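S.K.: Contents of data32.cif (mmCIF, C-alpha atoms):
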data_start
loop_
_atom_site.label_atom_id
_atom_site.label_comp_id
_atom_site.auth_asym_id
_atom_site.auth_seq_id
_atom_site.Cartn_x
_atom_site.Cartn_y
_atom_site.Cartn_z
CA MET F 1 25.10 6.86 -25.00
CA SER F 2 28.32 7.49 -23.10
CA ARG F 3 29.70 4.99 -20.66
CA TYR F 4 28.53 7.18 -17.79
CA GLU F 5 24.92 7.01 -18.98
CA HIS F 6 24.73 3.25 -19.54
CA GLY F 7 21.58 1.80 -18.02
CA HIS F 8 20.08 5.16 -17.13
CA GLU F 9 17.00 4.75 -19.32
CA GLY F 10 14.82 1.88 -18.15
CA GLY F 11 17.61 0.26 -16.17
CA PRO F 12 17.58 -0.87 -12.55
CA GLU F 13 17.38 1.81 -9.92
CA ARG F 14 17.07 2.07 -6.12
CA THR F 15 15.96 5.05 -4.05
CA PHE F 16 17.03 5.40 -0.43
CA ALA F 17 15.15 7.64 2.00
CA ALA F 18 16.99 10.64 3.44
CA LEU F 19 19.26 9.61 6.30
CA PRO F 20 19.19 11.38 9.67
CA PRO F 21 22.01 13.77 10.64
CA ALA F 22 25.36 12.06 11.25
CA ARG F 23 26.38 14.00 14.33
CA GLY F 24 29.00 12.28 16.44
CA ARG F 25 29.89 9.56 13.92
CA GLY F 26 32.09 9.07 10.89
CA PHE F 27 30.87 8.65 7.34
CA ALA F 28 32.68 5.42 6.50
CA ARG F 29 32.89 2.43 8.84
CA THR F 30 33.88 -0.13 6.15
CA TRP F 31 37.01 -0.22 4.08
CA TRP F 32 35.06 0.14 0.84
CA GLY F 33 33.17 3.17 2.19
CA GLY F 34 36.53 4.71 3.08
CA ALA F 35 37.83 3.98 -0.43
CA TRP F 36 34.83 5.81 -1.88
CA LEU F 37 35.56 8.94 0.20
CA ALA F 38 39.25 8.72 -0.71
CA ALA F 39 38.24 8.83 -4.39
CA LEU F 40 36.23 12.00 -3.68
CA GLU F 41 39.18 13.68 -1.96
CA ASP F 42 41.44 12.74 -4.90
CA ALA F 43 38.95 14.07 -7.44
CA ALA F 44 38.06 17.40 -5.77
CA LEU F 45 40.42 20.24 -6.62
CA GLU F 46 39.32 22.26 -3.58
CA ALA F 47 39.52 20.78 -0.09
CA THR F 48 37.03 23.42 1.04
CA ALA F 49 34.35 21.79 -1.14
CA VAL F 50 34.92 18.45 0.58
CA LYS F 51 34.69 20.08 4.02
CA ALA F 52 31.52 21.97 3.06
CA GLY F 53 29.96 18.75 1.77
CA ARG F 54 30.85 16.95 4.97
CA ARG F 55 29.11 19.68 7.01
CA LEU F 56 25.96 19.53 4.86
CA ALA F 57 25.78 15.73 5.03
CA ARG F 58 26.45 15.71 8.77
CA ALA F 59 23.58 18.18 9.30
CA GLY F 60 21.18 15.92 7.36
CA GLU F 61 20.78 18.30 4.41
CA VAL F 62 20.90 15.53 1.76
CA GLY F 63 17.51 14.30 0.58
CA ALA F 64 16.56 10.90 -0.81
CA VAL F 65 19.36 9.32 -2.87
CA THR F 66 18.56 7.59 -6.17
CA VAL F 67 21.15 5.12 -7.48
CA ARG F 68 21.25 4.00 -11.12
CA PRO F 69 23.97 2.38 -13.23
CA GLY F 70 26.52 5.11 -13.72
CA ARG F 71 24.79 7.81 -11.66
CA VAL F 72 23.68 8.80 -8.15
CA THR F 73 21.31 11.73 -7.62
CA ALA F 74 19.95 13.70 -4.65
CA VAL F 75 18.63 17.13 -3.75
CA VAL F 76 20.97 18.92 -1.32
CA ARG F 77 19.65 21.84 0.70
CA GLU F 78 21.83 24.65 1.97
CA PRO F 79 21.37 25.98 5.54
CA LYS F 80 19.60 29.09 4.24
CA GLY F 81 17.05 27.02 2.35
CA ALA F 82 18.33 26.95 -1.27
CA ALA F 83 18.08 23.47 -2.79
CA HIS F 84 20.25 22.07 -5.60
CA ARG F 85 20.13 18.86 -7.60
CA ALA F 86 23.49 17.11 -7.33
CA ASP F 87 24.65 14.17 -9.48
CA VAL F 88 27.81 12.10 -9.33
CA LEU F 89 28.65 9.96 -12.38
CA LEU F 90 30.73 6.79 -12.37
CA PRO F 91 31.70 4.63 -15.39
CA VAL F 92 29.94 1.24 -15.61
CA LEU F 93 31.73 -2.04 -16.30
CA SER F 94 31.44 -3.69 -19.71
CA GLU F 95 29.70 -7.07 -20.17
CA ARG F 96 33.11 -8.71 -20.59
CA GLU F 97 34.33 -7.19 -17.33
CA TRP F 98 31.17 -8.34 -15.51
CA ALA F 99 31.53 -11.89 -16.85
CA SER F 100 35.14 -11.96 -15.66
CA PHE F 101 34.18 -10.56 -12.23
CA VAL F 102 31.41 -13.14 -11.76
CA GLU F 103 33.79 -15.94 -12.71
CA LEU F 104 36.35 -14.60 -10.24
CA ALA F 105 33.71 -14.39 -7.47
CA VAL F 106 32.73 -18.08 -7.77
CA GLU F 107 36.29 -19.38 -7.94
CA GLN F 108 36.57 -19.27 -4.15
CA ALA F 109 33.73 -20.35 -1.89
CA GLY F 110 34.70 -17.71 0.65
CA HIS F 111 34.17 -14.89 -1.85
CA LEU F 112 30.75 -16.21 -2.81
CA ALA F 113 29.66 -16.68 0.81
CA ALA F 114 30.84 -13.17 1.76
CA LEU F 115 28.94 -11.58 -1.12
CA LEU F 116 25.75 -13.44 -0.23
CA ASP F 117 26.22 -12.21 3.37
CA GLY F 118 26.42 -8.57 2.26
CA ASP F 119 30.20 -8.27 2.61
CA LEU F 120 32.73 -7.12 0.01
CA PRO F 121 35.96 -9.13 0.45
CA SER F 122 39.07 -7.02 -0.03
CA HIS F 123 40.91 -9.95 -1.64
CA LEU F 124 38.18 -10.19 -4.29
CA ILE F 125 38.57 -6.51 -5.17
CA GLU F 126 42.38 -6.87 -5.28
CA ASP F 127 42.19 -9.96 -7.52
CA ALA F 128 39.73 -8.18 -9.79
CA ALA F 129 42.06 -5.18 -10.07
CA ILE F 130 44.87 -7.53 -11.18
CA ARG F 131 42.59 -8.65 -14.03
CA GLY F 132 41.92 -5.03 -14.96
CA ILE F 133 38.47 -4.80 -13.34
CA GLU F 134 38.26 -1.72 -11.11
CA LEU F 135 35.13 -1.95 -8.98
CA LEU F 136 36.01 0.90 -6.61
CA PRO F 137 36.31 4.36 -8.20
CA GLY F 138 39.75 5.42 -9.35
CA LEU F 139 41.36 8.80 -9.86
CA GLY F 140 39.05 11.12 -11.77
CA GLU F 141 36.18 8.62 -12.10
CA LEU F 142 33.74 10.49 -9.84
CA GLU F 143 32.41 13.12 -12.24
CA PRO F 144 30.25 15.85 -10.61
CA GLU F 145 27.18 17.58 -12.02
CA CYS F 146 25.29 20.25 -10.04
CA ASP F 147 22.76 22.90 -11.00
CA CYS F 148 24.64 25.43 -8.83
CA GLY F 149 26.92 25.94 -11.84
CA ALA F 150 30.18 24.62 -10.34
CA TRP F 151 32.40 22.88 -12.91
CA ASP F 152 34.26 20.85 -10.28
CA HIS F 153 33.08 19.12 -7.12
CA CYS F 154 31.11 21.59 -4.99
CA GLY F 155 29.71 21.28 -1.48
CA HIS F 156 26.51 19.73 -2.89
CA THR F 157 28.18 16.88 -4.83
CA ALA F 158 30.61 16.34 -1.94
CA ALA F 159 27.67 16.06 0.47
CA LEU F 160 26.08 13.48 -1.85
CA CYS F 161 29.33 11.48 -1.90
CA HIS F 162 29.47 11.47 1.91
CA GLN F 163 25.89 10.20 2.04
CA VAL F 164 26.70 7.48 -0.52
CA ALA F 165 29.55 6.36 1.74
CA ARG F 166 26.99 5.74 4.51
CA LEU F 167 24.82 3.74 2.08
CA LEU F 168 27.82 1.68 1.01
CA ASP F 169 28.57 0.86 4.65
CA GLU F 170 25.15 -0.74 4.94
CA ASP F 171 24.92 -2.36 1.50
CA PRO F 172 27.94 -2.91 -0.81
CA PHE F 173 25.53 -3.92 -3.61
CA VAL F 174 24.95 -0.16 -4.04
CA LEU F 175 28.46 -0.01 -5.53
CA LEU F 176 27.65 -2.89 -7.89
CA LEU F 177 24.51 -1.09 -9.05
CA MET F 178 26.50 2.08 -9.78
CA ARG F 179 28.90 -0.05 -11.83
CA GLY F 180 26.03 -1.49 -13.89
CA ARG F 181 24.51 -4.52 -12.15
CA GLY F 182 21.43 -4.65 -9.95
CA GLU F 183 21.58 -6.95 -6.94
CA SER F 184 19.06 -9.51 -8.24
CA THR F 185 20.77 -9.71 -11.66
CA PHE F 186 24.20 -10.13 -10.10
CA LEU F 187 23.07 -12.84 -7.67
CA ARG F 188 21.30 -14.69 -10.49
CA GLU F 189 24.49 -14.65 -12.55
CA LEU F 190 26.46 -15.91 -9.54
CA HIS F 191 24.01 -18.79 -9.13
CA GLN F 192 24.04 -19.68 -12.83
CA ARG F 193 27.83 -19.61 -13.00
CA SER F 194 28.28 -21.62 -9.79
CA THR F 195 25.87 -24.38 -10.97
CA ALA F 196 26.96 -24.55 -14.63
CA PRO F 197 29.16 -27.54 -15.76
CA PRO F 198 32.87 -26.63 -15.78
CA ASP F 199 33.21 -27.14 -19.55
CA GLU F 200 30.08 -25.15 -20.39
CA PRO F 201 30.22 -21.77 -18.65
CA ALA F 202 26.95 -19.82 -18.59
CA GLU F 203 26.86 -16.53 -20.43
CA PRO F 204 26.14 -13.47 -18.32
CA GLY F 205 22.39 -12.94 -18.09
CA GLU F 206 21.55 -16.21 -19.87
CA PRO F 207 19.97 -19.20 -18.01
CA TYR F 208 21.75 -22.56 -18.19
CA GLU F 209 19.76 -25.09 -20.23
CA ALA F 210 20.20 -28.75 -19.28
CA GLU F 211 19.89 -31.48 -21.93
CA GLY F 212 16.39 -33.02 -22.22
CA VAL F 213 14.78 -36.10 -23.82
CA ASP F 214 13.26 -36.03 -27.28
CA ALA F 215 9.46 -36.21 -27.01
CA ALA F 216 9.13 -38.79 -29.86
CA GLU F 217 11.63 -41.10 -28.18
CA ALA F 218 9.80 -40.80 -24.87
CA TRP F 219 6.44 -41.71 -26.56
CA ALA F 220 7.97 -44.70 -28.38
CA ALA F 221 9.34 -46.06 -25.10
CA ALA F 222 5.93 -45.90 -23.39
CA ASP F 223 5.27 -49.65 -23.94
CA ILE F 224 8.37 -50.73 -22.03
CA LEU F 225 7.64 -48.58 -18.99
CA PRO F 226 6.19 -50.34 -15.93
CA ALA F 227 2.44 -50.12 -15.37
CA LEU F 228 1.03 -47.40 -13.20
CA PRO F 229 0.06 -48.42 -9.65
CA ALA F 230 -3.59 -49.27 -8.94
CA LEU F 231 -5.94 -46.51 -7.93
CA PRO F 232 -6.51 -46.16 -4.17
CA ALA F 233 -9.73 -47.55 -2.65
CA VAL F 234 -12.64 -45.28 -1.74
CA PRO F 235 -12.42 -44.22 1.93
CA GLU F 236 -15.05 -45.59 4.27
CA ALA F 237 -16.23 -42.12 5.26
CA PRO F 238 -15.58 -38.56 4.11
CA GLY F 239 -13.03 -36.56 6.02
CA GLY F 240 -13.78 -33.60 8.26
CA PRO F 241 -13.30 -29.96 7.28
CA PRO F 242 -9.96 -28.30 8.00
CA SER F 243 -9.59 -26.27 11.19
CA TYR F 244 -9.40 -22.55 10.68
CA ASP F 245 -8.71 -21.82 14.35
CA ALA F 246 -5.22 -20.32 14.49
CA GLY F 247 -5.12 -20.60 18.27
CA THR F 248 -4.69 -16.84 18.72
CA ALA F 249 -7.11 -14.10 19.69
CA PRO F 250 -8.60 -12.15 16.77
CA THR F 251 -6.92 -8.87 15.90
CA PRO F 252 -8.83 -5.94 17.44
CA ALA F 253 -10.53 -3.55 15.07
CA PRO F 254 -8.65 -0.31 14.28
CA ASP F 255 -9.36 2.65 16.55
CA SER F 256 -11.38 4.91 14.24
CA ALA F 257 -10.86 8.01 16.41
CA ALA F 258 -7.09 7.48 16.46
CA LEU F 259 -6.98 6.90 12.69
CA ARG F 260 -9.06 10.02 12.03
CA TYR F 261 -6.80 12.12 14.25
CA LEU F 262 -3.63 10.66 12.70
CA ALA F 263 -4.94 11.39 9.19
CA GLY F 264 -5.64 15.00 10.19
CA LYS F 265 -2.15 15.48 11.66
CA THR F 266 -0.63 13.90 8.55
CA ALA F 267 -2.48 16.40 6.35
CA GLN F 268 -1.24 19.29 8.53
CA GLU F 269 2.36 18.11 8.34
CA ALA F 270 2.11 17.57 4.57
CA HIS F 271 0.80 21.13 4.21
CA ARG F 272 3.71 22.49 6.27
CA LEU F 273 6.30 20.53 4.31
CA LEU F 274 4.77 21.65 1.01
CA GLY F 275 5.07 25.26 2.14
CA GLN F 276 8.75 24.70 2.97
CA ALA F 277 9.41 22.98 -0.36
CA LEU F 278 7.83 25.89 -2.27
CA GLY F 279 9.76 28.41 -0.19
CA ASP F 280 6.70 29.89 1.50
CA GLY F 281 7.78 28.86 5.00
CA GLY F 282 4.82 29.62 7.19
CA PRO F 283 4.01 29.36 10.88
CA GLY F 284 5.65 26.57 12.76
CA GLU F 285 8.48 26.21 10.26
CA ARG F 286 11.17 23.98 11.70
CA ASP F 287 14.23 22.11 10.50
CA HIS F 288 13.34 19.59 7.80
CA ARG F 289 15.26 16.63 9.19
CA ALA F 290 13.33 13.48 10.00
CA LEU F 291 11.95 13.42 13.55
CA THR F 292 12.76 10.62 15.92
CA ALA F 293 9.90 8.45 17.18
CA ALA F 294 10.01 10.20 20.57
CA GLU F 295 9.83 13.64 18.93
CA ASP F 296 7.02 12.59 16.58
CA VAL F 297 4.86 11.41 19.50
CA VAL F 298 5.04 14.93 20.95
CA ARG F 299 4.22 16.46 17.56
CA LEU F 300 1.14 14.23 17.32
CA ALA F 301 0.05 15.27 20.83
CA ASP F 302 0.07 18.96 19.88
CA GLY F 303 -3.57 19.77 19.12
CA ALA F 304 -7.14 18.96 20.04
CA VAL F 305 -6.37 15.34 20.84
CA PRO F 306 -9.23 12.96 21.76
CA ASP F 307 -8.88 11.76 25.33
CA ALA F 308 -8.38 8.11 24.31
CA VAL F 309 -5.65 9.12 21.86
CA THR F 310 -3.96 11.22 24.54
CA GLU F 311 -3.80 8.16 26.79
CA ARG F 312 -2.20 6.09 24.04
CA LEU F 313 0.34 8.80 23.24
CA ALA F 314 1.15 9.32 26.92
CA ASP F 315 1.72 5.59 27.43
CA GLY F 316 3.66 5.18 24.20
CA SER F 317 5.95 8.12 24.93
CA GLY F 318 6.78 6.86 28.41
CA ARG F 319 6.21 10.39 29.75
CA GLY F 320 2.73 10.01 31.22
CA ARG F 321 0.02 12.62 30.71
CA GLU F 322 1.70 15.36 32.75
CA GLY F 323 5.11 14.78 31.20
CA LEU F 324 3.63 14.72 27.71
CA ALA F 325 1.79 18.01 28.35
CA THR F 326 5.10 19.58 29.40
CA ALA F 327 6.80 18.21 26.28
CA VAL F 328 3.99 19.61 24.08
CA ARG F 329 4.50 23.00 25.73
CA ALA F 330 8.20 22.87 24.85
CA TRP F 331 7.40 21.70 21.31
CA ARG F 332 5.16 24.71 20.71
CA LEU F 333 7.93 27.04 21.84
CA GLY F 334 10.67 25.63 19.63
CA GLY F 335 10.09 22.20 18.13
CA ALA F 336 12.71 19.47 18.40
CA PRO F 337 15.49 21.79 19.76
CA ALA F 338 13.17 22.81 22.60
CA LEU F 339 12.50 19.14 23.41
CA ALA F 340 16.23 18.50 23.56
CA VAL F 341 16.65 21.35 26.07
CA LEU F 342 13.74 19.95 28.11
CA ASP F 343 15.04 16.37 28.24
CA GLU F 344 18.83 16.59 28.04
CA GLU F 345 21.38 17.96 30.47
CA TRP F 346 24.92 18.54 29.27
CA GLN F 347 28.13 19.91 30.70
CA VAL F 348 29.14 23.39 29.57
CA GLN F 349 32.90 23.50 29.16
CA ASP F 350 35.81 25.49 27.77
CA ALA F 351 34.92 28.20 25.23
CA THR F 352 31.17 27.61 25.53
CA LEU F 353 31.35 28.11 29.28
CA ALA F 354 33.43 31.27 28.86
CA ARG F 355 30.89 32.71 26.40
CA ALA F 356 28.02 31.87 28.74
CA ARG F 357 29.68 33.60 31.69
CA ALA F 358 30.52 36.63 29.55
CA ALA F 359 26.88 36.89 28.45
CA LEU F 360 25.69 36.73 32.06
CA ASP F 361 28.24 39.32 33.18
CA ALA F 362 27.23 41.70 30.39
CA ALA F 363 23.50 41.37 31.05
CA TRP F 364 23.46 43.00 34.52
CA GLU F 365 25.42 45.44 36.58
CA ALA F 366 27.53 43.73 39.23
CA ASP F 367 25.20 44.72 42.09
CA GLU F 368 22.06 43.65 40.17
CA ARG F 369 23.22 40.30 38.85
CA PRO F 370 21.13 37.40 40.24
CA SER F 371 22.85 34.67 42.20
CA PHE F 372 22.88 31.55 40.02
CA ARG F 373 23.41 27.94 41.08
CA ARG F 374 24.90 26.22 38.05
CA GLY F 375 24.41 22.56 37.23
CA GLY F 376 25.58 21.67 33.74
CA ASN F 377 23.66 23.80 31.25
CA ARG F 378 20.99 24.65 33.84
CA TRP F 379 21.45 27.91 35.80
CA THR F 380 18.96 28.30 38.65
CA VAL F 381 18.00 31.30 40.82
CA PRO F 382 16.98 29.32 43.94
CA ASP F 383 15.07 32.04 45.78
CA GLU F 384 12.83 32.81 42.79
CA GLU F 385 12.25 29.25 41.47
CA VAL F 386 13.30 30.33 37.99
CA GLN F 387 15.92 28.77 35.78
CA LEU F 388 17.80 29.44 32.55
CA ARG F 389 18.83 26.55 30.32
CA LEU F 390 21.60 27.07 27.80
CA GLY F 391 20.97 25.40 24.44
CA PRO F 392 23.77 24.09 22.18
CA ASP F 393 23.19 27.06 19.84
CA GLY F 394 23.93 29.60 22.60
CA ARG F 395 20.33 30.65 23.25
CA TRP F 396 18.93 30.83 26.81
CA TRP F 397 15.61 29.10 27.49
CA PRO F 398 13.46 30.39 30.40
CA TYR F 399 12.05 27.83 32.86
CA ARG F 400 9.93 28.17 35.98
CA ALA F 401 9.18 25.74 38.83
CA ASP F 402 5.54 24.68 39.08
CA GLY F 403 4.26 21.91 41.33
CA GLY F 404 7.69 20.41 41.82
CA HIS F 405 8.48 20.35 38.07
CA TRP F 406 10.43 22.68 35.79
CA LEU F 407 8.24 23.96 32.95
CA PRO F 408 9.33 25.93 29.87
CA ALA F 409 8.19 29.51 30.36
CA GLY F 410 8.71 31.07 26.94
CA ALA F 411 10.78 31.34 23.78
CA PRO F 412 14.60 31.40 23.95
CA ASP F 413 16.73 34.52 23.66
CA ARG F 414 20.41 35.27 23.09
CA ASN F 415 20.29 37.70 26.00
CA PRO F 416 20.07 35.86 29.36
CA ALA F 417 18.48 38.93 31.00
CA THR F 418 15.58 38.82 28.53
CA ALA F 419 15.13 35.10 29.12
CA LEU F 420 15.18 35.59 32.90
CA ALA F 421 12.58 38.35 32.65
CA THR F 422 10.34 35.94 30.72
CA ALA F 423 10.79 33.27 33.39
CA ARG F 424 9.92 35.77 36.15
CA LEU F 425 6.52 36.56 34.65
CA SER F 426 3.51 35.14 36.44
CA PRO F 427 2.08 31.85 35.12
CA GLU F 428 -1.10 33.73 34.09
CA ALA F 429 0.92 36.15 31.99
CA ARG F 430 2.87 33.28 30.42
CA THR F 431 -0.14 31.07 29.64
CA PRO F 432 -1.15 31.15 25.95
CA ARG F 433 -4.67 32.33 25.24
CA ALA F 434 -7.15 31.06 22.70
CA PRO F 435 -8.85 33.60 20.43
CA ASP F 436 -12.07 33.35 22.51
CA GLY F 437 -10.30 34.15 25.78
CA ARG F 438 -9.90 30.61 27.10
CA HIS F 439 -6.46 29.72 28.45
CA GLU F 440 -4.47 26.59 27.93
CA GLN F 441 -4.14 24.22 30.89
CA ARG F 442 -1.11 22.05 31.61
CA ASP F 443 -2.72 19.02 30.02
CA GLY F 444 -3.13 20.91 26.73
CA SER F 445 -6.92 21.49 27.08
CA TRP F 446 -8.57 24.90 27.07
CA ALA F 447 -10.34 26.25 30.18
CA ALA F 448 -12.96 28.97 30.09
CA GLY F 449 -11.86 32.50 30.91
CA SER F 450 -12.41 36.09 30.00
CA ARG F 451 -10.93 37.49 26.84
CA ARG F 452 -7.60 39.29 27.37
CA THR F 453 -6.81 42.40 25.44
#
Give the structure from this file in structure tokens form.

M.R.:
Amino acid sequence: MSRYEHGHEGGPERTFAALPPARGRGFARTWWGGAWLAALEDAALEATAVKAGRRLARAGEVGAVTVRPGRVTAVVREPKGAAHRADVLLPVLSEREWASFVELAVEQAGHLAALLDGDLPSHLIEDAAIRGIELLPGLGELEPECDCGAWDHCGHTAALCHQVARLLDEDPFVLLLMRGRGESTFLRELHQRSTAPPDEPAEPGEPYEAEGVDAAEAWAAADILPALPALPAVPEAPGGPPSYDAGTAPTPAPDSAALRYLAGKTAQEAHRLLGQALGDGGPGERDHRALTAAEDVVRLADGAVPDAVTERLADGSGRGREGLATAVRAWRLGGAPALAVLDEEWQVQDATLARARAALDAAWEADERPSFRRGGNRWTVPDEEVQLRLGPDGRWWPYRADGGHWLPAGAPDRNPATALATARLSPEARTPRAPDGRHEQRDGSWAAGSRRT
């Protein structure tokens, strides 16, 4: 077994759930996370691979990350849906190097306290390097493996490295595991070494055995030991039973209707995700990133929700029933991106603003162009109570005023004229219909009506 594979079979391992997209933040907030990314940039022959990996990791395309001694593994998905298994290999430290590193860590109380607090002192790493123990990866130590066929670092292995940098920011023990020691084993060795007598250092992985007393000597000395104390007297009366009253109200029984509905929605989502994983796609296919709690509440509210469950979802979302019904309407039109357009207002500036104006100018003749009142990414035609909202991806979302609220009126379009035509349609024409002719009301229920053809 090569040094890269040490501990792979039957050794310690940790799996970290896929992290959300890293938009608007860096990948390394700690000095050791930055050192990890620097090793990637030194190892990759093509800077384009590093940039491609950064884009994939920032978009949340890296799946769950499994860390073992000498290896990290994850599935990385490309924007068009192709998935690749990416591995990055790192040499593990020898037993002699680990024994020396543990001894170095306990020499100063500050190093030991920092490690126990989840910190990685830079002085400890520098002192270890002087002794020939390189904990952080050096030049050429990050060896890539990817089923895409690349022989050097590709966008997939670079994306995995960027995700590992985020894990290292949160837990430096991830680096120790890659170098060959699980957290519990390392902390046990620290404890054994810090409590062992100075002239009898504990071996790595071996418990310290204190000297005992020979059993025969202890039995022979029984006669010279003092007598045992007298037995206590019998109490005058038996004691009372212990109190089982915790002083708190009993936990209410689970809501069976809510659990049944949640189980059904879970099965639906599992079916959709399975279709995506097998490449079948299917209706309602959306981006595979993890939803936020606010987005997931809206997803759960999309369906034939029992009235009691609707109340709980409306209260939990902070939107109220009417606001939740509007959010569900947006969700059905476009998932999480549609919710973002519903809830968020942003300022359109520079090149984005120029492209938006050019699209509006090209959509109508000068004498036919509607008069818009612009507020951020929301462009309103006041006289008609219709509105276009520009999404970050350049698509225009149609909205229409109804009862003092702006409601999404249809799917987005790259052409603002098409989106405006959708918004101008009557509410009856825009209201989805059930197969039996009923139409959907604003609260998500279905009202009776004649079948439309």

S.K.: May I ask which of the residues F:Glu322, F:Asp171, F:Asp307, F:Glu107 is the closest one to Leu124 (chain F), counting only C-alpha atoms?

M.R.: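 Nearest to Leu124 (chain F): F:Glu107.
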
S.K.: Need the shell around region 294-298 of chain F: protein/DNA/RNA residues with any atom at most 9 Å away, counting all atoms listed in the file. Skip same-chain ones fewer than 5 positions apart. Format as a list in words?

M.R.: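 Non-adjacent residues within range: Leu313, Ala314, Gly316, Ser317, Leu324, Ala325, Ala327, Val328, Trp331, Gly335, Ala336 and Leu339 of chain F.
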
S.K.: Could you state which residues are captured by the PyMOL selection byres ((chain F and resi 330) around 12) in this file, as a PyMOL selection string?

M.R.: chain F and resi 295+298-299+301-302+323-329+331-343+397-399+406-412+442+444

S.K.: For the file shown, report as a short mmCIF file (atom, residue, chain, number, x, y, z; two decimals) with C-alpha atoms, keeping the file's coordinate frame the outcome of the PyMOL selection byres ((chain F and resi 290) around 12) at residue level.

M.R.:
data_model
loop_
_atom_site.label_atom_id
_atom_site.label_comp_id
_atom_site.auth_asym_id
_atom_site.auth_seq_id
_atom_site.Cartn_x
_atom_site.Cartn_y
_atom_site.Cartn_z
CA ALA F 17 15.15 7.64 2.00
CA ALA F 18 16.99 10.64 3.44
CA LEU F 19 19.26 9.61 6.30
CA PRO F 20 19.19 11.38 9.67
CA PRO F 21 22.01 13.77 10.64
CA ALA F 59 23.58 18.18 9.30
CA GLY F 60 21.18 15.92 7.36
CA GLU F 61 20.78 18.30 4.41
CA VAL F 62 20.90 15.53 1.76
CA GLY F 63 17.51 14.30 0.58
CA ALA F 64 16.56 10.90 -0.81
CA LEU F 273 6.30 20.53 4.31
CA ARG F 286 11.17 23.98 11.70
CA ASP F 287 14.23 22.11 10.50
CA HIS F 288 13.34 19.59 7.80
CA ARG F 289 15.26 16.63 9.19
CA LEU F 291 11.95 13.42 13.55
CA THR F 292 12.76 10.62 15.92
CA ALA F 293 9.90 8.45 17.18
CA ALA F 294 10.01 10.20 20.57
CA GLU F 295 9.83 13.64 18.93
CA ASP F 296 7.02 12.59 16.58
CA ALA F 336 12.71 19.47 18.40
#

S.K.: What gap, in Å, lies between CA of Ala82 (chain F) and CA of Arg23 (chain F)?

M.R.: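 That distance, rounded to one decimal, is 21.8 Å.
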
S.K.: With the PyMOL selection byres ((chain F and resi 54) around 12) as the selection, what would be picked from this file? Answer as a compact mmCIF listing (two decimals) with C-alpha atoms, in the coordinates of the input, please.

M.R.:
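Saved to result_34.txt:
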# COMPACT_ATOMS: atom_id res chain seq x y z
CA PRO F 21 22.01 13.77 10.64
CA ALA F 22 25.36 12.06 11.25
CA ARG F 23 26.38 14.00 14.33
CA ARG F 25 29.89 9.56 13.92
CA GLY F 26 32.09 9.07 10.89
CA PHE F 27 30.87 8.65 7.34
CA ALA F 28 32.68 5.42 6.50
CA LEU F 37 35.56 8.94 0.20
CA LEU F 40 36.23 12.00 -3.68
CA GLU F 41 39.18 13.68 -1.96
CA ALA F 47 39.52 20.78 -0.09
CA THR F 48 37.03 23.42 1.04
CA ALA F 49 34.35 21.79 -1.14
CA VAL F 50 34.92 18.45 0.58
CA LYS F 51 34.69 20.08 4.02
CA ALA F 52 31.52 21.97 3.06
CA GLY F 53 29.96 18.75 1.77
CA ARG F 55 29.11 19.68 7.01
CA LEU F 56 25.96 19.53 4.86
CA ALA F 57 25.78 15.73 5.03
CA ARG F 58 26.45 15.71 8.77
CA ALA F 59 23.58 18.18 9.30
CA GLY F 60 21.18 15.92 7.36
CA GLU F 61 20.78 18.30 4.41
CA VAL F 62 20.90 15.53 1.76
CA VAL F 76 20.97 18.92 -1.32
CA CYS F 154 31.11 21.59 -4.99
CA GLY F 155 29.71 21.28 -1.48
CA HIS F 156 26.51 19.73 -2.89
CA THR F 157 28.18 16.88 -4.83
CA ALA F 158 30.61 16.34 -1.94
CA ALA F 159 27.67 16.06 0.47
CA LEU F 160 26.08 13.48 -1.85
CA CYS F 161 29.33 11.48 -1.90
CA HIS F 162 29.47 11.47 1.91
CA GLN F 163 25.89 10.20 2.04
CA VAL F 164 26.70 7.48 -0.52
CA ALA F 165 29.55 6.36 1.74
CA ARG F 166 26.99 5.74 4.51

S.K.: Pick the closest to Glu189 (chain F) from F:Asp117, F:Leu420, F:Ala43, F:Glu103: which is it, counting only C-alpha atoms?

M.R.: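 Of F:Asp117, F:Leu420, F:Ala43, F:Glu103, the one nearest Glu189 (chain F) is F:Glu103, counting only C-alpha atoms.
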
S.K.: To one decimal place, how far is CA of Asp147 (chain F) from CA of Glu78 (chain F) in Å?

M.R.: 13.1 Å

S.K.: Using Å and a single decimal, report how far CA of Glu345 (chain F) sits from CA of Gly403 (chain F).

M.R.: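 Interatomic distance, CA of Gly403 (chain F) to CA of Glu345 (chain F): 20.7 Å.
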
S.K.: Quick one: residues within 9 Å of Leu90 (chain F), all atoms listed in the file, excluding same-chain residues fewer than 2 positions away - as a list in words?

M.R.: Arg3, Tyr4, Glu5, Pro69, Gly70, Arg71, Val72, Val88, Val92, Pro137, Glu141, Leu142, Glu143, Met178 and Arg179 of chain F

S.K.: Tell me which protein, DNA and RNA residues are within 8 Å of Val348 (chain F), counting all atoms listed in the file, leaving out same-chain ones fewer than 4 positions away, and put them as a ChimeraX atom specification.

M.R.: /F:352-353,376-377

S.K.: So, counting all atoms listed in the file, which residue among F:Val106, F:Ala401, F:Leu93, F:Leu360 is closest to Arg414 (chain F)?

M.R.: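 Using all atoms listed in the file, Arg414 (chain F) sits closest to F:Leu360.
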
S.K.: Select, from F:Glu134, F:Asp87, F:Asp152, F:Glu145, the residue with the minimum atom-to-atom distance to Leu175 (chain F), counting all atoms listed in the file.

M.R.: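 Looking at the shortest contact to Leu175 (chain F), the residue is F:Glu134.
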